[in-house]
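Everything below concerns the one structure shown next.
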Amino acid sequence: KNGQSNDAMLIFKAASMTFKRAEGSIRGMEIEVRSMRGGPDKKSCFNKSQQYKNDLTALRKTFNQIFRKVSKSESGLSLIEDTREVLSSTEEISRDVLNDLLYQRQSLLRANENVNDIRDDTEEARGIMKEIALRGARH
């Protein structure tokens, strides 16, 4: 975890330095544009330098937002690891419950078969009893 945090800081510092160099380059462009003679080229170069400046500002803002999110994410890694452990435990319990339910289902199916067998035997016994009663009534 600590190594990841150090890596993130190194990336942040390197990006900050790159942003500063880019800002310096844009300032240099602005100075060059100011020293140009008037005309369409100067206006075009001025517009481009302003667009570069706006793009760089937006990029830096986006980078800073992402870096803050990454920092928050790293601080939440231990929570995620704890959650994974709970999830693993929950999965194990779920498997045990499913196995118990499967066993109970099999028991219920066997009990249902036994009830059907007893019902068939009872019907057969009733038939035999009726025959005996009819024979007894004839004789």
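Each chain of the structure tokens is named A, B, ... in the order shown, its residues numbered from 1; ligands are numbered from 1 in display order.
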Please identify all polymer residues within 10 Å of Phe67 (chain A), counting only C-alpha atoms, omitting same-chain residues fewer than 6 positions from it, and present them as a compact mmCIF listing (two decimals) with N, CA, C and O atoms, in the first residue's frame.
```
# COMPACT_ATOMS: atom_id res chain seq x y z
N ALA A 8 2.20 7.14 -6.52
CA ALA A 8 1.23 8.18 -6.86
C ALA A 8 1.83 9.57 -6.65
O ALA A 8 1.64 10.47 -7.47
N MET A 9 2.58 9.74 -5.58
CA MET A 9 3.21 11.04 -5.31
C MET A 9 4.26 11.36 -6.37
O MET A 9 4.37 12.51 -6.81
N ILE A 11 4.27 10.33 -9.45
CA ILE A 11 3.53 10.67 -10.67
C ILE A 11 2.99 12.10 -10.57
O ILE A 11 3.08 12.88 -11.52
N PHE A 12 2.44 12.44 -9.41
CA PHE A 12 1.89 13.78 -9.21
C PHE A 12 2.99 14.84 -9.38
O PHE A 12 2.80 15.86 -10.06
N LYS A 61 -6.69 20.80 -14.29
CA LYS A 61 -7.85 20.66 -13.40
C LYS A 61 -8.33 19.20 -13.37
O LYS A 61 -8.56 18.63 -12.31
N SER A 73 -9.12 6.82 -3.09
CA SER A 73 -9.23 5.39 -3.35
C SER A 73 -8.18 4.60 -2.59
O SER A 73 -8.46 3.55 -2.02
```
Point out the residue among A:Tyr103, A:Phe46, A:Arg119, A:Ile93 with the least atom-to-atom distance to Val33 (chain A), counting only C-alpha atoms. A:Phe46
Show me, as number ranges by chain, the residues that have an atom within 12 Å of Ala22 (chain A) when counting only C-alpha atoms, minus same-chain residues fewer than 2 positions from it. A: 15-20, 24-29, 49, 52-57, 59-60
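With only C-alpha atoms as the atoms that count, the residue of A:Glu113, A:Glu30, A:Glu123, A:Met36 with the shortest distance to Lys48 (chain A) is A:Glu30.
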